[in-house]
Amino acid sequence: MKIAVMGYGTIGSGVVEVLRINKDKIAQRAGEPVDVKYILDLRDFPGDPMEQKIVHDYQTIVNDPEIGIVVETMGGVEPAYTFVRAMLEAGKQVTTSNKNLVAAKGAELIRIAREHGVNFQFEASVGGGIPIIRPLNKCLTADEIEEITGILNGTTNYMLTKMANEGADFDEVLKDAQDKGYAEKDPTADIEGHDPCRKIAILTSLVCGQQVDYEDIHCEGITGITATDFKYAKVMGRSIKLLAMSRKVGDSYSCMVAPFMLDASHPLCGVNDVFNGIFVHGNVLGDAMFYGSGAGKLPTASAVVADVVDMVKHTHVNIYINWKPEKITLVDYKDSVNRFFVRTTSDRAAVEKAFGQVSYVEAGVSGERGFTTDAMTEGQFEEKAAQIALVNRIRLG
Ligand code: HSE
C-alpha cells in the first residue's frame, strides 16, 4: 500500500515515525507493507530523511493511481477540506486527525466517501491516541448512549492539575504549559474551550447520527478559574476539571463545555496532567471509561496509523458511519440542570434572599463567602445570581 501524508508538522511527522518504528508489526496487521510515497507540505525539509518525498501540489497525489490512502494532518478547515474532498472523489481513502475539519465537514465527507466506495476515518480527531470513535461506531452499537462526559483537552487538564497541586495562578501555569510545548503560542482554542467543544460535537453527532453544530453548544473555558477557586475546591475535597458533556434528553441532547468541580467519587476526578478521559453511559452497557494519552505527536499518530491499517483491510469496502447532515436542535442550555458553587461579596442575608437555604464553604478567604446551591436550571441560576455580587461560580459534578 502506497500512502501520502498531507502536512509534515507534529502529527504528520509522527505518522512517518510510527510507520518506521512499527513497520513490521503494521505490515503483518495490515496484510501488506505500508509505504509513504509522498508528503505534501508548503515547506521543503532539506536534510530530512523524507526530503525526496516532499511535494507541494496536492494534484500530484490526486493524479497518482498508486496512492490508495491519504493521511490529512494539516489542521484547519481550508485547504484541508478541498484536498480531502478531491482525494475521496479520486477514489482514495482518507484518515484525518483534524477535529476542525471533522466537526465542520464530517457528515459531508462521510457521504462522499460512501458514494465513492472508500472510507473517511477520523479516530485521532477526538481523544488523541485513545480509541473512542471506533468504539462508538463499532463496539457500542447495541446501546442507546445516554451520556458522554469527557476531559477532552490535554493542555487545559495539565494547567488545571498544576493549579490544583501548586496553588499557582492561571497566567503562571499558562506560561509553563507554553514553555513545555503543551499550549500553543495562541492558546485560545484550548483555554476558551473551543477545542473540546468541537470534540464533543463530533462524539454527539456519532451518537445521534445527525449533525451537531459546535456553534450551538454552550462553551466556557478556564480563563476565569483562579488560585482562590482551588482553595475552595481543596476544602470541599473536589477537583476542578474542564468537562465536555453530552446528555440525552427526550429526543435531543443537552451539551455543554465548562469547568466543573468534581467530587472525588466522580470517575473523571483522577484524570490528571495531559491525560484525557471519556466516560460513556449506555442504556444496556451501563458505564464505560476510556482513558489515556489524548494529545501529542506519537499518541495521535498511533490513532492515525491504526486508521490506515483498518483502511488497508477495507480497500473497496465502505464501513458505514451513521452521521447524516441533517442538523439536530439541541436542548436550550438555559434549561439544563446543575448544582453550583458560588463565590460572592454579598452578605448571608442577600445570599439567602436570592437562593434560600444554601451550604456555606469556609476556606479562609477574606472579604467574600462561598456556598453551594441545590439543583436548578441555568436560567434559574442566572436570575438568582443577578441579585447578589457574584465573584465566580463553578458547576458541581
Ligand atoms: N490542543 C489539544 C489538547 C490537542 O491539548 O488536547 C489535541 O487535540
# chains A, B, ... in the order shown; residues from 1 in each chain; ligands from 1
call {"tool": "residues_near_ligand", "arguments": {"ligand": "ligand 1", "cutoff": "9 Å", "atoms": "only C-alpha atoms and all ligand atoms", "output": "ChimeraX atom specification"}}
result
/A:97-99,124-128,151-158,182-184,187,189-190,195-196,199,274-276,294-296,300
call {"tool": "write_last_selection", "arguments": {"atoms": "N, CA and C atoms", "output": "mmCIF file, in the first residue's frame"}}
result
data_model
loop_
_atom_site.group_PDB
_atom_site.id
_atom_site.type_symbol
_atom_site.label_atom_id
_atom_site.label_comp_id
_atom_site.auth_asym_id
_atom_site.auth_seq_id
_atom_site.Cartn_x
_atom_site.Cartn_y
_atom_site.Cartn_z
ATOM 1 N N SER A 97 -6.608 13.660 11.462
ATOM 2 C CA SER A 97 -6.542 13.943 12.908
ATOM 3 C C SER A 97 -7.180 15.296 13.209
ATOM 4 N N ASN A 98 -7.819 15.886 12.207
ATOM 5 C CA ASN A 98 -8.188 17.308 12.207
ATOM 6 C C ASN A 98 -9.637 17.510 12.690
ATOM 7 N N LYS A 99 -9.777 17.847 14.009
ATOM 8 C CA LYS A 99 -11.152 17.975 14.556
ATOM 9 C C LYS A 99 -11.907 19.146 13.958
ATOM 10 N N ALA A 124 -8.264 9.882 15.308
ATOM 11 C CA ALA A 124 -7.356 10.766 16.060
ATOM 12 C C ALA A 124 -7.941 12.153 16.314
ATOM 13 N N SER A 125 -9.126 12.424 15.768
ATOM 14 C CA SER A 125 -9.664 13.792 15.914
ATOM 15 C C SER A 125 -10.210 14.051 17.320
ATOM 16 N N VAL A 126 -10.528 12.994 18.052
ATOM 17 C CA VAL A 126 -11.026 13.143 19.438
ATOM 18 C C VAL A 126 -10.219 12.206 20.341
ATOM 19 N N GLY A 127 -9.692 12.766 21.412
ATOM 20 C CA GLY A 127 -9.004 11.913 22.397
ATOM 21 C C GLY A 127 -7.632 11.429 21.958
ATOM 22 N N GLY A 128 -7.023 12.059 20.956
ATOM 23 C CA GLY A 128 -5.661 11.686 20.522
ATOM 24 C C GLY A 128 -5.537 10.192 20.289
ATOM 25 N N ILE A 151 -13.012 14.638 29.623
ATOM 26 C CA ILE A 151 -11.913 15.611 29.696
ATOM 27 C C ILE A 151 -11.212 15.416 28.367
ATOM 28 N N LEU A 152 -11.452 16.330 27.445
ATOM 29 C CA LEU A 152 -11.059 16.117 26.052
ATOM 30 C C LEU A 152 -9.951 17.066 25.608
ATOM 31 N N ASN A 153 -9.357 17.770 26.554
ATOM 32 C CA ASN A 153 -8.282 18.685 26.191
ATOM 33 C C ASN A 153 -7.116 18.519 27.156
ATOM 34 N N GLY A 154 -5.987 18.049 26.620
ATOM 35 C CA GLY A 154 -4.815 17.758 27.447
ATOM 36 C C GLY A 154 -4.172 19.009 28.011
ATOM 37 N N THR A 155 -4.138 20.069 27.205
ATOM 38 C CA THR A 155 -3.466 21.301 27.623
ATOM 39 C C THR A 155 -4.116 21.880 28.872
ATOM 40 N N THR A 156 -5.448 22.036 28.829
ATOM 41 C CA THR A 156 -6.129 22.642 29.972
ATOM 42 C C THR A 156 -6.128 21.697 31.170
ATOM 43 N N ASN A 157 -6.140 20.387 30.909
ATOM 44 C CA ASN A 157 -6.094 19.460 32.052
ATOM 45 C C ASN A 157 -4.746 19.534 32.749
ATOM 46 N N TYR A 158 -3.681 19.705 31.944
ATOM 47 C CA TYR A 158 -2.341 19.911 32.522
ATOM 48 C C TYR A 158 -2.345 21.174 33.394
ATOM 49 N N TYR A 182 3.066 22.308 25.523
ATOM 50 C CA TYR A 182 1.701 21.768 25.594
ATOM 51 C C TYR A 182 0.702 22.770 25.032
ATOM 52 N N ALA A 183 0.909 24.044 25.411
ATOM 53 C CA ALA A 183 -0.009 25.083 24.914
ATOM 54 C C ALA A 183 0.658 25.819 23.758
ATOM 55 N N GLU A 184 -0.155 26.172 22.780
ATOM 56 C CA GLU A 184 0.392 26.884 21.634
ATOM 57 C C GLU A 184 0.596 28.352 21.983
ATOM 58 N N PRO A 187 -3.085 30.309 22.596
ATOM 59 C CA PRO A 187 -3.714 29.171 23.281
ATOM 60 C C PRO A 187 -5.243 29.243 23.290
ATOM 61 N N ALA A 189 -7.859 28.388 21.483
ATOM 62 C CA ALA A 189 -8.732 27.232 21.215
ATOM 63 C C ALA A 189 -8.800 26.286 22.417
ATOM 64 N N ASP A 190 -7.692 26.160 23.135
ATOM 65 C CA ASP A 190 -7.675 25.279 24.308
ATOM 66 C C ASP A 190 -8.301 25.966 25.515
ATOM 67 N N ASP A 195 -11.659 23.837 21.493
ATOM 68 C CA ASP A 195 -11.167 22.519 21.068
ATOM 69 C C ASP A 195 -12.050 21.381 21.621
ATOM 70 N N PRO A 196 -12.284 21.312 22.948
ATOM 71 C CA PRO A 196 -13.189 20.250 23.425
ATOM 72 C C PRO A 196 -14.622 20.421 22.926
ATOM 73 N N LYS A 199 -14.824 18.624 19.771
ATOM 74 C CA LYS A 199 -14.724 17.176 20.017
ATOM 75 C C LYS A 199 -16.044 16.598 20.531
ATOM 76 N N VAL A 274 -1.676 15.757 31.331
ATOM 77 C CA VAL A 274 -2.134 15.914 29.932
ATOM 78 C C VAL A 274 -3.087 14.795 29.503
ATOM 79 N N PHE A 275 -3.407 13.905 30.431
ATOM 80 C CA PHE A 275 -4.276 12.788 30.053
ATOM 81 C C PHE A 275 -5.706 13.238 29.778
ATOM 82 N N ASN A 276 -6.380 12.466 28.954
ATOM 83 C CA ASN A 276 -7.810 12.654 28.674
ATOM 84 C C ASN A 276 -8.565 11.472 29.266
ATOM 85 N N GLY A 294 -4.283 11.789 25.359
ATOM 86 C CA GLY A 294 -5.261 12.439 24.495
ATOM 87 C C GLY A 294 -4.673 13.447 23.536
ATOM 88 N N ALA A 295 -3.371 13.613 23.555
ATOM 89 C CA ALA A 295 -2.739 14.592 22.664
ATOM 90 C C ALA A 295 -1.274 14.179 22.493
ATOM 91 N N GLY A 296 -0.577 14.916 21.643
ATOM 92 C CA GLY A 296 0.858 14.655 21.476
ATOM 93 C C GLY A 296 1.155 13.912 20.190
ATOM 94 N N THR A 300 -1.155 10.561 19.028
ATOM 95 C CA THR A 300 -2.122 10.928 17.992
ATOM 96 C C THR A 300 -1.797 10.172 16.695
#
call {"tool": "residues_around", "arguments": {"residues": "A:Val70", "least_positions_apart": "4", "cutoff": "9 Å", "atoms": "only C-alpha atoms", "output": "ChimeraX atom specification"}}
result
/A:2-6,61,84,87,92-96,308
call {"tool": "closest_residue", "arguments": {"among": "A:Val309, A:Thr315, A:Thr149, A:Glu382", "to": "A:Lys25", "atoms": "only C-alpha atoms"}}
result
A:Val309
call {"tool": "residues_around", "arguments": {"residues": "stretch 278-285 of chain A", "least_positions_apart": "4", "cutoff": "7 Å", "atoms": "only C-alpha atoms", "output": "tab-separated table (two decimals) with N, CA, C and O atoms, in the first residue's frame"}}
result
chain	number	residue	atom	x	y	z
A	143	ASP	N	-26.23	-0.07	22.04
A	143	ASP	CA	-26.74	0.79	23.12
A	143	ASP	C	-27.37	2.08	22.63
A	143	ASP	O	-27.00	2.61	21.59
A	144	GLU	N	-28.28	2.57	23.44
A	144	GLU	CA	-28.66	3.99	23.36
A	144	GLU	C	-27.65	4.70	24.26
A	144	GLU	O	-27.64	4.46	25.48
A	145	ILE	N	-26.78	5.50	23.69
A	145	ILE	CA	-25.79	6.20	24.53
A	145	ILE	C	-26.48	7.39	25.18
A	145	ILE	O	-26.91	8.32	24.50
A	146	GLU	N	-26.57	7.35	26.49
A	146	GLU	CA	-27.33	8.38	27.21
A	146	GLU	C	-26.45	9.51	27.73
A	146	GLU	O	-26.95	10.59	28.03
A	147	GLU	N	-25.16	9.24	27.84
A	147	GLU	CA	-24.27	10.30	28.32
A	147	GLU	C	-22.85	10.07	27.85
A	147	GLU	O	-22.36	8.94	27.85
A	148	ILE	N	-22.21	11.14	27.42
A	148	ILE	CA	-20.75	11.16	27.24
A	148	ILE	C	-20.25	12.39	27.98
A	148	ILE	O	-20.71	13.50	27.73
A	149	THR	N	-19.34	12.17	28.90
A	149	THR	CA	-18.70	13.28	29.60
A	149	THR	C	-17.20	13.08	29.49
A	149	THR	O	-16.69	12.02	29.87
A	150	GLY	N	-16.51	14.09	28.96
A	150	GLY	CA	-15.09	13.88	28.73
A	150	GLY	C	-14.21	15.02	29.20
A	150	GLY	O	-14.62	16.18	29.21
A	151	ILE	N	-13.01	14.64	29.62
A	151	ILE	CA	-11.91	15.61	29.70
A	151	ILE	C	-11.21	15.42	28.37
A	151	ILE	O	-10.51	14.42	28.15
A	289	MET	N	-15.34	3.60	30.71
A	289	MET	CA	-14.39	4.72	30.75
A	289	MET	C	-13.26	4.46	29.77
A	289	MET	O	-12.74	3.36	29.69
A	290	PHE	N	-12.88	5.49	29.05
A	290	PHE	CA	-11.74	5.44	28.13
A	290	PHE	C	-10.73	6.45	28.66
A	290	PHE	O	-11.08	7.61	28.90
A	291	TYR	N	-9.50	6.01	28.83
A	291	TYR	CA	-8.51	6.87	29.50
A	291	TYR	C	-7.16	6.73	28.81
A	291	TYR	O	-6.79	5.63	28.39
call {"tool": "residues_around", "arguments": {"residues": "stretch 213-226 of chain A", "least_positions_apart": "4", "cutoff": "7 Å", "atoms": "only C-alpha atoms", "output": "PyMOL selection string"}}
result
chain A and resi 169-170+191-193+197-198+201+230+255-259+333
call {"tool": "write_last_selection", "arguments": {"atoms": "N, CA and C atoms", "output": "PDB file, in the first residue's frame"}}
result
ATOM      1  N   ASP A 169      -1.394  30.421  39.925  1.00  0.00           N
ATOM      2  CA  ASP A 169      -2.469  31.146  39.245  1.00  0.00           C
ATOM      3  C   ASP A 169      -2.435  30.847  37.750  1.00  0.00           C
ATOM      4  N   PHE A 170      -3.530  31.247  37.084  1.00  0.00           N
ATOM      5  CA  PHE A 170      -3.753  30.890  35.689  1.00  0.00           C
ATOM      6  C   PHE A 170      -2.591  31.312  34.763  1.00  0.00           C
ATOM      7  N   ILE A 191      -7.785  27.146  25.879  1.00  0.00           N
ATOM      8  CA  ILE A 191      -8.213  27.741  27.163  1.00  0.00           C
ATOM      9  C   ILE A 191      -9.632  28.289  27.117  1.00  0.00           C
ATOM     10  N   GLU A 192     -10.124  28.599  25.922  1.00  0.00           N
ATOM     11  CA  GLU A 192     -11.516  29.072  25.819  1.00  0.00           C
ATOM     12  C   GLU A 192     -12.493  27.907  25.579  1.00  0.00           C
ATOM     13  N   GLY A 193     -11.965  26.691  25.468  1.00  0.00           N
ATOM     14  CA  GLY A 193     -12.846  25.517  25.342  1.00  0.00           C
ATOM     15  C   GLY A 193     -13.289  25.198  23.921  1.00  0.00           C
ATOM     16  N   CYS A 197     -15.016  21.642  22.585  1.00  0.00           N
ATOM     17  CA  CYS A 197     -16.377  21.870  22.075  1.00  0.00           C
ATOM     18  C   CYS A 197     -16.550  21.167  20.722  1.00  0.00           C
ATOM     19  N   ARG A 198     -15.542  21.278  19.859  1.00  0.00           N
ATOM     20  CA  ARG A 198     -15.618  20.574  18.572  1.00  0.00           C
ATOM     21  C   ARG A 198     -15.616  19.060  18.788  1.00  0.00           C
ATOM     22  N   ALA A 201     -18.944  17.857  19.969  1.00  0.00           N
ATOM     23  CA  ALA A 201     -19.890  17.939  18.847  1.00  0.00           C
ATOM     24  C   ALA A 201     -19.722  16.712  17.943  1.00  0.00           C
ATOM     25  N   PHE A 230      -9.394  27.163  43.636  1.00  0.00           N
ATOM     26  CA  PHE A 230      -8.803  25.888  44.052  1.00  0.00           C
ATOM     27  C   PHE A 230      -8.710  25.764  45.574  1.00  0.00           C
ATOM     28  N   CYS A 255     -25.908  19.639  25.627  1.00  0.00           N
ATOM     29  CA  CYS A 255     -24.443  19.630  25.528  1.00  0.00           C
ATOM     30  C   CYS A 255     -23.861  20.894  26.139  1.00  0.00           C
ATOM     31  N   MET A 256     -22.682  20.764  26.704  1.00  0.00           N
ATOM     32  CA  MET A 256     -22.051  21.921  27.339  1.00  0.00           C
ATOM     33  C   MET A 256     -20.558  21.670  27.516  1.00  0.00           C
ATOM     34  N   VAL A 257     -19.774  22.727  27.391  1.00  0.00           N
ATOM     35  CA  VAL A 257     -18.353  22.678  27.764  1.00  0.00           C
ATOM     36  C   VAL A 257     -18.153  23.738  28.838  1.00  0.00           C
ATOM     37  N   ALA A 258     -17.666  23.334  29.998  1.00  0.00           N
ATOM     38  CA  ALA A 258     -17.476  24.290  31.094  1.00  0.00           C
ATOM     39  C   ALA A 258     -16.628  23.646  32.191  1.00  0.00           C
ATOM     40  N   PRO A 259     -15.988  24.478  33.035  1.00  0.00           N
ATOM     41  CA  PRO A 259     -15.287  23.911  34.189  1.00  0.00           C
ATOM     42  C   PRO A 259     -16.305  23.406  35.210  1.00  0.00           C
ATOM     43  N   TYR A 333     -29.503  25.512  26.529  1.00  0.00           N
ATOM     44  CA  TYR A 333     -28.633  25.317  27.692  1.00  0.00           C
ATOM     45  C   TYR A 333     -29.245  25.918  28.964  1.00  0.00           C
TER      46      TYR A 333
END
call {"tool": "residues_around", "arguments": {"residues": "A:Pro135", "least_positions_apart": "4", "cutoff": "10 Å", "atoms": "only C-alpha atoms", "output": "list of chain:residue names"}}
result
A:Glu123, A:Pro131, A:Cys139, A:Leu140, A:Thr141, A:Phe290
call {"tool": "closest_residue", "arguments": {"among": "A:Lys185, A:Lys297, A:Arg339, A:Lys23", "to": "A:Tyr8", "atoms": "only C-alpha atoms"}}
result
A:Lys297
call {"tool": "residues_around", "arguments": {"residues": "A:Arg20", "least_positions_apart": "6", "cutoff": "12 Å", "atoms": "only C-alpha atoms", "output": "PyMOL selection string"}}
result
chain A and resi 13-14+26-27+33-36+49-50+298+301-302+305
call {"tool": "atom_distance", "arguments": {"atom1": "atom CA of A:Asp310", "atom2": "atom CA of A:Lys53"}}
result
23.9 Å
call {"tool": "atom_distance", "arguments": {"atom1": "atom CA of A:Leu243", "atom2": "atom CA of A:Phe260"}}
result
6.6 Å
call {"tool": "atom_distance", "arguments": {"atom1": "atom CA of A:Val18", "atom2": "atom CA of A:Pro299"}}
result
9.4 Å
call {"tool": "select_by_dssp", "arguments": {"residues": "stretch 135-287 of chain A", "states": "strand (DSSP E or B)", "output": "ChimeraX atom specification"}}
result
/A:145-151,211,218-219,238-249,252-263,275-282,286-287
call {"tool": "residues_around", "arguments": {"residues": "stretch 342-346 of chain A", "least_positions_apart": "5", "cutoff": "10 Å", "atoms": "only C-alpha atoms", "output": "ChimeraX atom specification"}}
result
/A:228-229,232,351,360-361,366-373,385,387-395
